[in-house]
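Dumped model-v1.txt below, it's compact mmCIF, C-alpha atoms and all ligand atoms:
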```
# COMPACT_ATOMS: atom_id res chain seq x y z
CA MET A 41 12.87 -142.90 -15.11
CA GLY A 42 13.59 -139.20 -14.72
CA SER A 43 16.50 -139.34 -17.15
CA SER A 44 16.17 -135.68 -18.27
CA PHE A 45 17.30 -132.51 -16.51
CA GLY A 46 17.07 -128.78 -17.26
CA ARG A 47 14.45 -126.43 -18.75
CA LEU A 48 16.13 -124.86 -21.79
CA PHE A 49 19.52 -126.59 -21.79
CA ARG A 50 17.79 -129.98 -21.58
CA VAL A 51 19.95 -133.05 -21.05
CA THR A 52 18.76 -136.63 -21.37
CA THR A 53 21.21 -139.37 -20.39
CA PHE A 54 21.09 -143.00 -21.50
CA GLY A 55 22.97 -146.24 -20.95
CA GLU A 56 23.74 -148.93 -18.39
CA SER A 57 26.90 -150.25 -16.78
CA HIS A 58 27.26 -153.34 -19.01
CA GLY A 59 25.19 -152.30 -22.04
CA GLU A 60 26.49 -151.30 -25.46
CA ALA A 61 27.05 -147.60 -24.85
CA LEU A 62 26.25 -144.68 -22.56
CA GLY A 63 25.87 -140.98 -23.21
CA CYS A 64 23.48 -138.10 -23.51
CA VAL A 65 21.42 -135.92 -25.82
CA VAL A 66 21.67 -132.17 -25.21
CA GLU A 67 18.85 -129.99 -26.55
CA ASN A 68 18.88 -126.22 -27.12
CA CYS A 69 22.62 -125.70 -27.13
CA PRO A 70 22.96 -122.42 -29.08
CA ALA A 71 24.27 -122.73 -32.65
CA GLY A 72 27.65 -121.47 -33.78
CA MET A 73 29.77 -122.62 -30.84
CA SER A 74 32.93 -124.52 -31.73
CA LEU A 75 32.69 -128.04 -30.31
CA THR A 76 34.76 -131.17 -30.83
CA GLU A 77 35.38 -134.34 -28.84
CA ALA A 78 38.53 -132.72 -27.41
CA ASP A 79 36.33 -130.22 -25.54
CA ILE A 80 34.64 -133.09 -23.73
CA GLN A 81 37.31 -135.76 -23.34
CA GLY A 82 39.29 -133.98 -20.60
CA ASP A 83 36.45 -134.14 -18.06
CA LEU A 84 35.60 -137.71 -19.04
CA ASP A 85 39.23 -138.66 -18.35
CA ARG A 86 38.88 -137.15 -14.87
CA ARG A 87 35.75 -139.31 -14.33
CA ARG A 88 36.90 -142.54 -15.96
CA PRO A 89 37.49 -145.72 -13.96
CA GLY A 90 40.99 -147.17 -13.76
CA GLN A 91 42.54 -143.70 -13.64
CA SER A 92 44.61 -144.34 -10.51
CA ARG A 93 45.43 -146.97 -7.87
CA ILE A 94 42.56 -145.73 -5.66
CA THR A 95 39.72 -146.11 -8.17
CA THR A 96 37.99 -149.21 -9.52
CA PRO A 97 40.35 -151.22 -11.75
CA ARG A 98 37.68 -151.56 -14.48
CA ASP A 99 39.73 -150.32 -17.40
CA GLU A 100 37.62 -148.19 -19.73
CA ALA A 101 39.10 -145.58 -22.06
CA ASP A 102 35.74 -143.79 -22.16
CA ARG A 103 36.46 -142.14 -25.53
CA VAL A 104 33.53 -139.91 -26.45
CA LYS A 105 32.03 -139.69 -29.92
CA ILE A 106 29.82 -136.78 -30.97
CA LEU A 107 27.08 -138.38 -33.08
CA SER A 108 25.01 -135.36 -34.05
CA GLY A 109 24.38 -131.65 -33.59
CA THR A 110 27.62 -130.29 -35.03
CA PHE A 111 28.82 -129.50 -38.55
CA GLU A 112 32.32 -128.36 -39.46
CA GLU A 113 33.20 -128.52 -35.73
CA LYS A 114 30.47 -126.06 -34.72
CA THR A 115 27.08 -126.59 -33.09
CA ILE A 116 24.08 -126.17 -35.40
CA GLY A 117 21.33 -125.76 -32.80
CA ALA A 118 20.18 -129.37 -33.25
CA PRO A 119 20.26 -132.00 -30.48
CA ILE A 120 23.84 -132.98 -29.65
CA ALA A 121 24.12 -136.73 -29.08
CA MET A 122 27.32 -138.00 -27.46
CA ALA A 123 28.23 -141.62 -26.77
CA VAL A 124 30.90 -143.69 -25.05
CA TYR A 125 31.06 -147.40 -25.88
CA ASN A 126 31.65 -149.97 -23.11
CA GLU A 127 34.79 -152.01 -23.74
CA ASN A 128 35.71 -153.69 -20.47
CA ALA A 129 32.36 -154.96 -19.15
CA ARG A 130 32.67 -158.34 -17.36
CA GLU A 131 29.23 -159.86 -16.83
CA LYS A 132 30.73 -162.91 -15.07
CA ASP A 133 31.72 -160.78 -12.05
CA TYR A 134 28.05 -160.31 -11.27
CA SER A 135 26.53 -163.72 -12.09
CA ASP A 136 26.91 -164.94 -8.46
CA ILE A 137 24.94 -162.00 -7.09
CA LYS A 138 22.41 -161.79 -9.93
CA GLU A 139 19.51 -162.54 -7.57
CA ILE A 140 21.00 -161.15 -4.34
CA PHE A 141 20.43 -157.57 -3.22
CA ARG A 142 23.67 -155.80 -2.33
CA PRO A 143 23.12 -153.93 0.97
CA SER A 144 22.69 -150.18 0.45
CA HIS A 145 22.92 -150.46 -3.34
CA ALA A 146 19.96 -150.04 -5.70
CA ASP A 147 19.36 -153.75 -6.48
CA TYR A 148 16.40 -154.21 -4.14
CA THR A 149 14.66 -150.91 -4.94
CA TYR A 150 15.04 -151.39 -8.73
CA HIS A 151 13.65 -154.92 -8.32
CA ALA A 152 10.72 -153.55 -6.27
CA ARG A 153 9.94 -150.92 -8.88
CA TYR A 154 10.72 -152.58 -12.23
CA GLY A 155 10.82 -156.34 -11.61
CA HIS A 156 13.01 -156.90 -14.65
CA ARG A 157 16.36 -155.15 -14.10
CA ALA A 158 19.81 -155.04 -15.70
CA TRP A 159 21.69 -156.67 -12.79
CA ARG A 160 25.12 -156.59 -14.47
CA GLY A 161 27.14 -153.90 -12.70
CA GLY A 162 24.02 -152.29 -11.28
CA GLY A 163 22.67 -151.45 -14.74
CA ARG A 164 21.22 -147.97 -14.82
CA SER A 165 22.07 -147.30 -11.16
CA SER A 166 25.78 -147.61 -11.94
CA ALA A 167 27.98 -144.54 -11.78
CA ARG A 168 28.69 -145.23 -15.48
CA ALA A 169 25.37 -143.47 -16.07
CA THR A 170 27.14 -140.25 -15.04
CA ILE A 171 29.15 -140.34 -18.29
CA GLY A 172 26.30 -138.45 -19.97
CA ILE A 173 26.24 -135.90 -17.14
CA VAL A 174 29.95 -135.20 -17.44
CA ALA A 175 29.83 -134.99 -21.26
CA ALA A 176 26.89 -132.54 -21.19
CA GLY A 177 28.54 -130.68 -18.31
CA ALA A 178 31.65 -130.14 -20.43
CA VAL A 179 29.51 -128.42 -23.09
CA ALA A 180 27.82 -126.34 -20.37
CA LYS A 181 31.19 -125.33 -18.86
CA LYS A 182 32.40 -124.18 -22.26
CA ILE A 183 29.36 -121.94 -22.77
CA LEU A 184 29.68 -120.56 -19.22
CA ARG A 185 33.39 -119.84 -19.68
CA GLU A 186 33.12 -118.30 -23.13
CA LYS A 187 29.87 -116.37 -22.80
CA ALA A 188 29.66 -115.50 -19.08
CA GLY A 189 33.22 -115.74 -17.70
CA VAL A 190 32.15 -118.37 -15.17
CA GLU A 191 34.62 -121.00 -13.94
CA ILE A 192 33.72 -124.02 -11.84
CA VAL A 193 36.25 -125.76 -9.59
CA GLY A 194 35.64 -128.82 -7.42
CA TYR A 195 37.90 -130.70 -5.05
CA VAL A 196 37.80 -133.31 -2.31
CA SER A 197 37.81 -131.70 1.12
CA GLN A 198 37.31 -134.75 3.31
CA ILE A 199 37.78 -138.51 3.28
CA LYS A 200 36.35 -140.14 6.41
CA ASP A 201 37.77 -137.93 9.18
CA LEU A 202 40.81 -136.64 7.25
CA ARG A 203 39.86 -133.04 6.48
CA TYR A 204 41.30 -130.27 4.32
CA GLU A 205 41.02 -127.44 6.86
CA ALA A 206 42.37 -124.43 4.97
CA ASP A 207 39.71 -121.86 4.20
CA ILE A 208 40.34 -121.23 0.53
CA ASP A 209 40.05 -117.64 -0.57
CA LEU A 210 37.93 -118.20 -3.66
CA LYS A 211 39.84 -115.54 -5.58
CA GLU A 212 42.74 -117.99 -5.30
CA ILE A 213 40.83 -121.08 -6.30
CA LEU A 214 41.58 -121.07 -10.03
CA PRO A 215 45.38 -121.40 -9.61
CA LEU A 216 44.72 -124.25 -7.15
CA ARG A 217 43.38 -126.38 -9.98
CA SER A 218 46.85 -127.65 -10.88
CA VAL A 219 47.47 -128.87 -7.28
CA ILE A 220 44.02 -130.44 -7.12
CA GLU A 221 44.51 -132.29 -10.39
CA SER A 222 48.11 -133.32 -9.62
CA ASN A 223 47.11 -135.95 -7.04
CA ALA A 224 44.88 -139.00 -7.33
CA VAL A 225 42.49 -137.87 -4.55
CA ARG A 226 41.88 -134.34 -5.97
CA VAL A 227 42.56 -132.58 -2.69
CA PRO A 228 44.34 -129.19 -2.78
CA ASP A 229 47.20 -130.38 -0.53
CA ALA A 230 49.78 -132.90 -1.75
CA ALA A 231 50.81 -134.13 1.74
CA LEU A 232 47.18 -134.71 2.76
CA ALA A 233 46.60 -136.48 -0.55
CA GLU A 234 49.28 -139.03 0.44
CA ARG A 235 47.59 -139.70 3.79
CA MET A 236 44.18 -140.00 2.17
CA THR A 237 45.55 -142.35 -0.49
CA ARG A 238 47.04 -144.63 2.17
CA LEU A 239 43.77 -144.62 4.11
CA ILE A 240 41.80 -145.57 0.98
CA GLN A 241 44.26 -148.34 0.09
CA ASP A 242 44.30 -149.79 3.62
CA THR A 243 40.50 -149.71 3.76
CA ARG A 244 40.21 -151.45 0.40
CA GLN A 245 42.71 -154.06 1.62
CA ALA A 246 40.45 -154.67 4.61
CA GLY A 247 37.52 -155.29 2.23
CA ASP A 248 35.80 -152.05 3.17
CA SER A 249 35.05 -148.59 1.69
CA LEU A 250 35.01 -144.89 2.63
CA GLY A 251 32.94 -141.74 2.12
CA GLY A 252 33.75 -138.06 2.25
CA ILE A 253 32.95 -134.55 1.01
CA VAL A 254 33.40 -132.74 -2.31
CA GLU A 255 33.43 -128.94 -2.23
CA CYS A 256 32.73 -126.93 -5.33
CA ALA A 257 32.63 -123.26 -6.28
CA ALA A 258 31.43 -121.30 -9.31
CA VAL A 259 33.31 -118.04 -9.68
CA GLY A 260 32.14 -115.20 -11.93
CA VAL A 261 28.38 -115.81 -11.77
CA PRO A 262 26.77 -112.34 -12.03
CA ALA A 263 23.95 -111.16 -9.76
CA GLY A 264 20.49 -112.07 -11.07
CA TRP A 265 20.60 -115.72 -12.19
CA GLY A 266 17.90 -118.03 -10.88
CA ASP A 267 14.17 -117.90 -10.37
CA PRO A 268 12.55 -117.48 -6.95
CA VAL A 269 9.72 -119.65 -5.55
CA PHE A 270 9.93 -123.35 -6.57
CA ASP A 271 12.90 -123.08 -8.93
CA ARG A 272 15.18 -121.26 -6.50
CA LEU A 273 18.78 -121.57 -7.62
CA ASP A 274 19.76 -123.28 -4.36
CA ALA A 275 16.85 -125.72 -4.69
CA LEU A 276 17.92 -126.62 -8.24
CA ILE A 277 21.51 -127.11 -7.07
CA ALA A 278 20.35 -129.38 -4.23
CA HIS A 279 18.27 -131.37 -6.73
CA ALA A 280 21.23 -131.62 -9.08
CA MET A 281 23.63 -132.79 -6.39
CA LEU A 282 21.27 -135.33 -4.85
CA ALA A 283 20.80 -136.78 -8.34
CA ILE A 284 24.42 -138.00 -8.22
CA PRO A 285 24.64 -141.65 -7.12
CA ALA A 286 25.89 -142.09 -3.53
CA SER A 287 25.41 -138.41 -2.57
CA LYS A 288 23.76 -138.05 0.83
CA GLY A 289 23.72 -134.35 1.67
CA VAL A 290 24.21 -130.86 0.23
CA GLU A 291 25.18 -127.63 1.94
CA ILE A 292 25.12 -124.23 0.23
CA GLY A 293 27.34 -121.55 1.76
CA SER A 294 27.29 -121.86 5.55
CA GLY A 295 24.89 -124.82 5.27
CA PHE A 296 24.19 -126.64 8.52
CA SER A 297 26.71 -124.50 10.44
CA SER A 298 24.32 -121.52 10.00
CA ALA A 299 22.07 -123.14 12.60
CA THR A 300 24.58 -122.35 15.35
CA MET A 301 25.19 -118.68 14.40
CA THR A 302 23.45 -115.40 15.28
CA GLY A 303 22.11 -113.01 12.65
CA SER A 304 24.85 -110.47 13.34
CA GLU A 305 27.49 -113.15 12.79
CA HIS A 306 25.83 -114.65 9.75
CA ASN A 307 24.66 -111.60 7.79
CA ASP A 308 26.74 -110.95 4.69
CA ILE A 309 27.33 -107.18 4.91
CA PHE A 310 27.08 -105.38 1.57
CA GLU A 311 29.88 -103.12 0.40
CA MET A 312 30.79 -101.45 -2.88
CA GLN A 313 34.06 -102.58 -4.42
CA LYS A 314 35.29 -101.20 -7.73
CA GLY A 315 31.76 -99.97 -8.50
CA ARG A 316 30.24 -103.41 -7.81
CA VAL A 317 27.92 -104.61 -5.03
CA THR A 318 29.81 -107.27 -3.06
CA THR A 319 29.48 -108.81 0.40
CA ARG A 320 32.15 -108.87 3.10
CA THR A 321 31.49 -112.53 3.93
CA ASN A 322 29.79 -115.19 1.83
CA TYR A 323 27.75 -117.32 4.23
CA SER A 324 24.94 -117.12 1.66
CA GLY A 325 27.11 -119.13 -0.76
CA GLY A 326 26.37 -116.61 -3.50
CA ILE A 327 22.58 -117.09 -3.42
CA GLN A 328 19.86 -115.02 -1.71
CA GLY A 329 16.15 -115.45 -2.31
CA GLY A 330 16.95 -118.18 -4.81
CA ILE A 331 18.85 -115.72 -7.04
CA SER A 332 22.62 -115.33 -7.44
CA ASN A 333 24.07 -112.22 -5.73
CA GLY A 334 27.33 -111.99 -7.69
CA MET A 335 29.50 -113.67 -5.05
CA PRO A 336 30.99 -117.12 -5.69
CA ILE A 337 28.47 -119.94 -5.45
CA THR A 338 29.83 -122.41 -2.89
CA LEU A 339 28.61 -125.85 -1.97
CA ARG A 340 29.55 -129.11 -0.29
CA VAL A 341 28.28 -132.56 -1.15
CA ALA A 342 28.57 -135.54 1.21
CA PHE A 343 29.10 -138.98 -0.35
CA LYS A 344 28.50 -142.21 1.49
CA PRO A 345 31.03 -145.07 1.62
CA THR A 346 30.72 -147.26 -1.51
CA ALA A 347 27.98 -149.83 -0.99
CA THR A 348 29.78 -152.70 -2.72
CA ILE A 349 32.52 -154.06 -0.48
CA SER A 350 34.45 -157.29 -0.75
CA ARG A 351 33.71 -158.44 2.81
CA GLU A 352 31.13 -161.15 3.33
CA GLN A 353 27.76 -159.63 4.26
CA ASP A 354 24.29 -160.89 5.14
CA SER A 355 21.48 -160.08 2.73
CA VAL A 356 18.33 -161.45 1.10
CA ASN A 357 17.65 -162.67 -2.44
CA GLU A 358 14.80 -162.30 -4.94
CA ARG A 359 13.17 -165.47 -3.59
CA GLY A 360 12.92 -163.91 -0.13
CA GLU A 361 15.63 -166.09 1.46
CA ASN A 362 18.25 -164.93 3.94
CA VAL A 363 21.67 -165.43 2.30
CA THR A 364 25.27 -164.33 2.62
CA LEU A 365 27.03 -162.60 -0.26
CA LYS A 366 30.63 -162.04 -1.20
CA VAL A 367 31.05 -159.69 -4.13
CA LYS A 368 33.83 -160.31 -6.63
CA GLY A 369 33.53 -157.45 -9.21
CA ARG A 370 35.64 -154.31 -9.51
CA HIS A 371 34.63 -151.38 -7.34
CA ASP A 372 35.68 -147.98 -6.13
CA PRO A 373 36.88 -148.19 -2.54
CA CYS A 374 35.90 -144.50 -2.29
CA VAL A 375 33.88 -142.63 -4.93
CA LEU A 376 35.17 -139.17 -3.97
CA PRO A 377 38.04 -138.61 -6.43
CA ARG A 378 35.81 -139.51 -9.38
CA ALA A 379 32.84 -137.58 -8.00
CA VAL A 380 34.63 -134.22 -8.39
CA PRO A 381 34.03 -133.82 -12.16
CA ILE A 382 30.45 -135.06 -11.70
CA VAL A 383 29.67 -132.40 -9.06
CA GLU A 384 31.23 -129.75 -11.32
CA ALA A 385 29.18 -131.00 -14.28
CA MET A 386 25.87 -130.95 -12.39
CA LEU A 387 26.58 -127.40 -11.19
CA ALA A 388 27.43 -126.39 -14.76
CA LEU A 389 24.14 -127.86 -16.02
CA VAL A 390 22.14 -125.84 -13.47
CA LEU A 391 24.06 -122.64 -14.19
CA VAL A 392 24.03 -122.82 -17.98
CA ASP A 393 20.27 -123.33 -17.88
CA GLN A 394 19.88 -120.26 -15.66
CA PHE A 395 22.22 -118.29 -17.93
CA LEU A 396 19.98 -119.04 -20.92
CA ILE A 397 16.78 -118.45 -18.92
CA SER A 398 18.12 -115.13 -17.53
CA LYS A 399 18.01 -113.76 -21.07
CA THR A 400 14.22 -114.16 -21.05
CA ALA A 401 13.50 -112.35 -17.75
CA ARG A 402 13.36 -108.70 -18.92
CA TYR A 403 11.77 -106.80 -21.76
CA GLU A 404 14.98 -105.27 -23.09
C1 LIG A 501 32.05 -141.85 -9.24
C2 LIG A 501 31.19 -142.89 -8.58
C3 LIG A 501 31.62 -144.21 -8.56
C4 LIG A 501 30.87 -145.19 -7.94
N1 LIG A 501 31.36 -146.47 -7.90
C5 LIG A 501 30.66 -147.42 -7.21
C6 LIG A 501 31.18 -148.74 -7.08
O1 LIG A 501 32.24 -149.08 -7.60
N2 LIG A 501 30.44 -149.64 -6.38
C7 LIG A 501 29.25 -149.31 -5.77
O2 LIG A 501 28.64 -150.14 -5.13
N3 LIG A 501 28.75 -148.06 -5.89
C8 LIG A 501 29.42 -147.12 -6.59
N4 LIG A 501 28.90 -145.85 -6.70
C9 LIG A 501 27.61 -145.54 -6.03
C10 LIG A 501 26.39 -146.25 -6.60
O3 LIG A 501 26.20 -145.94 -7.97
C11 LIG A 501 25.17 -145.86 -5.76
O4 LIG A 501 25.44 -146.04 -4.41
C12 LIG A 501 23.95 -146.68 -6.13
O5 LIG A 501 23.48 -146.30 -7.40
C13 LIG A 501 22.79 -146.50 -5.14
O6 LIG A 501 22.36 -145.15 -5.11
P1 LIG A 501 22.39 -144.30 -3.77
O7 LIG A 501 23.67 -144.64 -3.07
O8 LIG A 501 22.38 -142.87 -4.22
O9 LIG A 501 21.20 -144.67 -2.96
C14 LIG A 501 29.63 -144.85 -7.33
C15 LIG A 501 29.19 -143.51 -7.36
C16 LIG A 501 29.96 -142.54 -7.98
C17 LIG A 501 29.48 -141.12 -7.98
```
Have the structure of the file written as structure tokens, please.
Amino acid sequence: MGSSFGRLFRVTTFGESHGEALGCVVENCPAGMSLTEADIQGDLDRRRPGQSRITTPRDEADRVKILSGTFEEKTIGAPIAMAVYNENAREKDYSDIKEIFRPSHADYTYHARYGHRAWRGGGRSSARATIGIVAAGAVAKKILREKAGVEIVGYVSQIKDLRYEADIDLKEILPLRSVIESNAVRVPDAALAERMTRLIQDTRQAGDSLGGIVECAAVGVPAGWGDPVFDRLDALIAHAMLAIPASKGVEIGSGFSSATMTGSEHNDIFEMQKGRVTTRTNYSGGIQGGISNGMPITLRVAFKPTATISREQDSVNERGENVTLKVKGRHDPCVLPRAVPIVEAMLALVLVDQFLISKTARYE
């Protein structure tokens, strides 16, 4: 099923929406790093359902348990298994649509591929499967922070057509974390957060859903991480981001806007600053030739409107009949606020792998 990611820092996730537990196994985390559940729980709390009035009301505490790979609160180099047990799974919510394919969800394609599928809550296609990503990402973030001075910050920059326009100076992004995390949307502007919240609530009320954009930056990545050719750093990031459920597009640096610029406008001019090679602009998003150039890595991920909506819709069922469906379950009217820690985690997984791999590139 493609449940593993990474070359050295190898993460395998497991679990389904309404199964017993979800989590991950992390291989090749270096030994001797202090690690407890408290290092992981913070990001899981940012991902968990029921965290605010604009997320799904499914009420899961999502308390993580480290099952292996540590001793006396330090890693021992062995696989780290982490698990979260499901507590608030309601199978009944899904029994009416057990055989009906929700439009734009994964029910039909899983049925086409596997035949037998865990239909409760979307099974493996549920965003609950991202618990393992966020738990592993928290370990990756800790290594990046402690051993490479890299910080990763994500935020919501757009919900439908409400846009956060300010061009954040990335040197200022770390202090913005407290504003981002102080509102339910995770947008770096409290007044805009209010408008976005109202829009999400009104849309939910109308039985509909919304999409938007998450922006994310990694600050402190040195020049020289990433392999060229097929494993270009930008290609790995695109892979990582498109592996998140409901993501529909990725831009690195100037992204699609680069298509409308000239070379003289777009070139990131090099200049020395405090003895370091920097660039005056960062349209490259911190990556050139598939290798980091020492500038912040910047990206944007577009998320579609949640597929499951409470309005009546036409569909087909497993017997090939045209039917109408009305979904009861509990759903996110907009996945964006909860997607922020997932985008950060996927970026951390790519970067920590490249950090470990970078140590193998030279004979020194
Ligand atoms: C944080 C998060 C929460 C999500 N919550 C829901 C949800 O409540 N209902 C739903 O239909 N899809 C939800 N999704 C999206 C589905 O998991 C996704 O659309 C589905 O697996 C099909 O995959 P695709 O959209 O990438 O094609 C969520 C995604 C994320 C990232």
Subject >> Test item: residues no farther than 7 Å from ligand LIG 501 (chain A), counting all atoms listed in the file, as a PyMOL selection string >> reply: chain A and resi 87+96+144-146+165-167+284-287+346-348+370-373+375-376+378-379
**OP:** Within 8 Å of A:Pro381, counting all atoms listed in the file, which residues show up once you throw out same-chain ones fewer than 2 positions away? Write them as number ranges by chain, please.
**Re:** A: 83, 86-87, 174, 194, 378-379, 383-385
**OP:** Mind checking which residues fall within 12 Å of A:Leu84, counting all atoms listed in the file, ignoring those fewer than 6 positions away in the same chain, and posting them as a PyMOL selection string?
**Re:** chain A and resi 63+77-78+91+100-105+122-124+168+170-179+378-382+384-385
Original post:
Which neighbours of stretch 314-326 of chain A fall inside 6 Å, counting only C-alpha atoms, when residues of the same chain fewer than 5 positions from it are skipped, and could you give them as a count of residues only?
Top reply: 11
**OP:** With a distance cut-off of 8 Å and all atoms listed in the file, select the neighbouring residues of A:Arg142, excluding the residue or stretch itself and same-chain residues fewer than 5 positions from it, and output the selection as number ranges by chain.
**Re:** A: 137, 147-148, 347-348, 355, 365
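Relative to atom CA of A:Val254, atom CA of A:Glu221 is found at 13.7 Å.
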**OP:** Measuring atom to atom with all atoms listed in the file, identify which of A:Thr300, A:Asn223, A:Gln394, A:Ser350 is nearest to A:Arg50.
**Re:** A:Gln394
**OP:** Excluding A:Gln353 and any residue of its chain fewer than 4 positions from it, enumerate the residues within 10 Å of it, using all atoms listed in the file, and give them as a ChimeraX atom specification.
**Re:** /A:142-143,349,363-367
Original post:
Separation of atom CA of A:Gly260 and atom CA of A:Gly189, in Å?
Top reply: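 Taking atom CA of A:Gly260 and atom CA of A:Gly189, their separation equals 5.9 Å.
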Subject >> For A:Ile277, the nearest of the candidates A:Leu216, A:Leu389, A:Ile192, A:Leu184, counting all atoms listed in the file >> reply: A:Leu389
**OP:** Could you jot down the atom CA of A:Pro215 to atom CA of A:Val392 separation for me, Å, one decimal place?
**Re:**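 So the two atoms, atom CA of A:Pro215 and atom CA of A:Val392, lie 23.0 Å apart.
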Original post:
Using all atoms listed in the file, which of the listed residues (A:Asn68, A:Ile199, A:Ala121, A:Arg164) sits closest to A:Ile106?
Top reply: A:Ala121
Dump C-alpha atoms of stretch 292-324 of chain A from the given block, as an mmCIF file, in the first residue's frame.
```cif
data_model
loop_
_atom_site.group_PDB
_atom_site.id
_atom_site.type_symbol
_atom_site.label_atom_id
_atom_site.label_comp_id
_atom_site.auth_asym_id
_atom_site.auth_seq_id
_atom_site.Cartn_x
_atom_site.Cartn_y
_atom_site.Cartn_z
ATOM 1 C CA ILE A 292 7.898 25.568 -4.247
ATOM 2 C CA GLY A 293 9.125 29.162 -4.050
ATOM 3 C CA SER A 294 7.580 31.187 -6.872
ATOM 4 C CA GLY A 295 5.748 28.070 -8.099
ATOM 5 C CA PHE A 296 3.230 28.673 -10.869
ATOM 6 C CA SER A 297 3.749 32.457 -10.729
ATOM 7 C CA SER A 298 7.270 31.902 -12.174
ATOM 8 C CA ALA A 299 5.603 31.158 -15.515
ATOM 9 C CA THR A 300 4.650 34.820 -15.916
ATOM 10 C CA MET A 301 8.065 36.306 -15.014
ATOM 11 C CA THR A 302 11.214 37.099 -17.024
ATOM 12 C CA GLY A 303 14.640 35.714 -16.108
ATOM 13 C CA SER A 304 15.861 39.115 -14.932
ATOM 14 C CA GLU A 305 12.873 39.401 -12.608
ATOM 15 C CA HIS A 306 13.045 35.838 -11.377
ATOM 16 C CA ASN A 307 16.780 35.252 -10.883
ATOM 17 C CA ASP A 308 17.790 35.158 -7.231
ATOM 18 C CA ILE A 309 20.909 37.363 -7.224
ATOM 19 C CA PHE A 310 23.714 36.053 -5.016
ATOM 20 C CA GLU A 311 25.303 38.286 -2.413
ATOM 21 C CA MET A 312 27.633 37.743 0.531
ATOM 22 C CA GLN A 313 26.179 38.581 3.929
ATOM 23 C CA LYS A 314 28.168 38.100 7.123
ATOM 24 C CA GLY A 315 30.563 35.798 5.259
ATOM 25 C CA ARG A 316 27.706 33.635 3.933
ATOM 26 C CA VAL A 317 26.382 33.138 0.390
ATOM 27 C CA THR A 318 22.783 34.383 0.343
ATOM 28 C CA THR A 319 20.336 35.479 -2.345
ATOM 29 C CA ARG A 320 18.587 38.848 -2.557
ATOM 30 C CA THR A 321 15.230 37.253 -3.404
ATOM 31 C CA ASN A 322 14.062 33.697 -2.830
ATOM 32 C CA TYR A 323 11.952 32.753 -5.845
ATOM 33 C CA SER A 324 13.823 29.429 -5.833
#
```
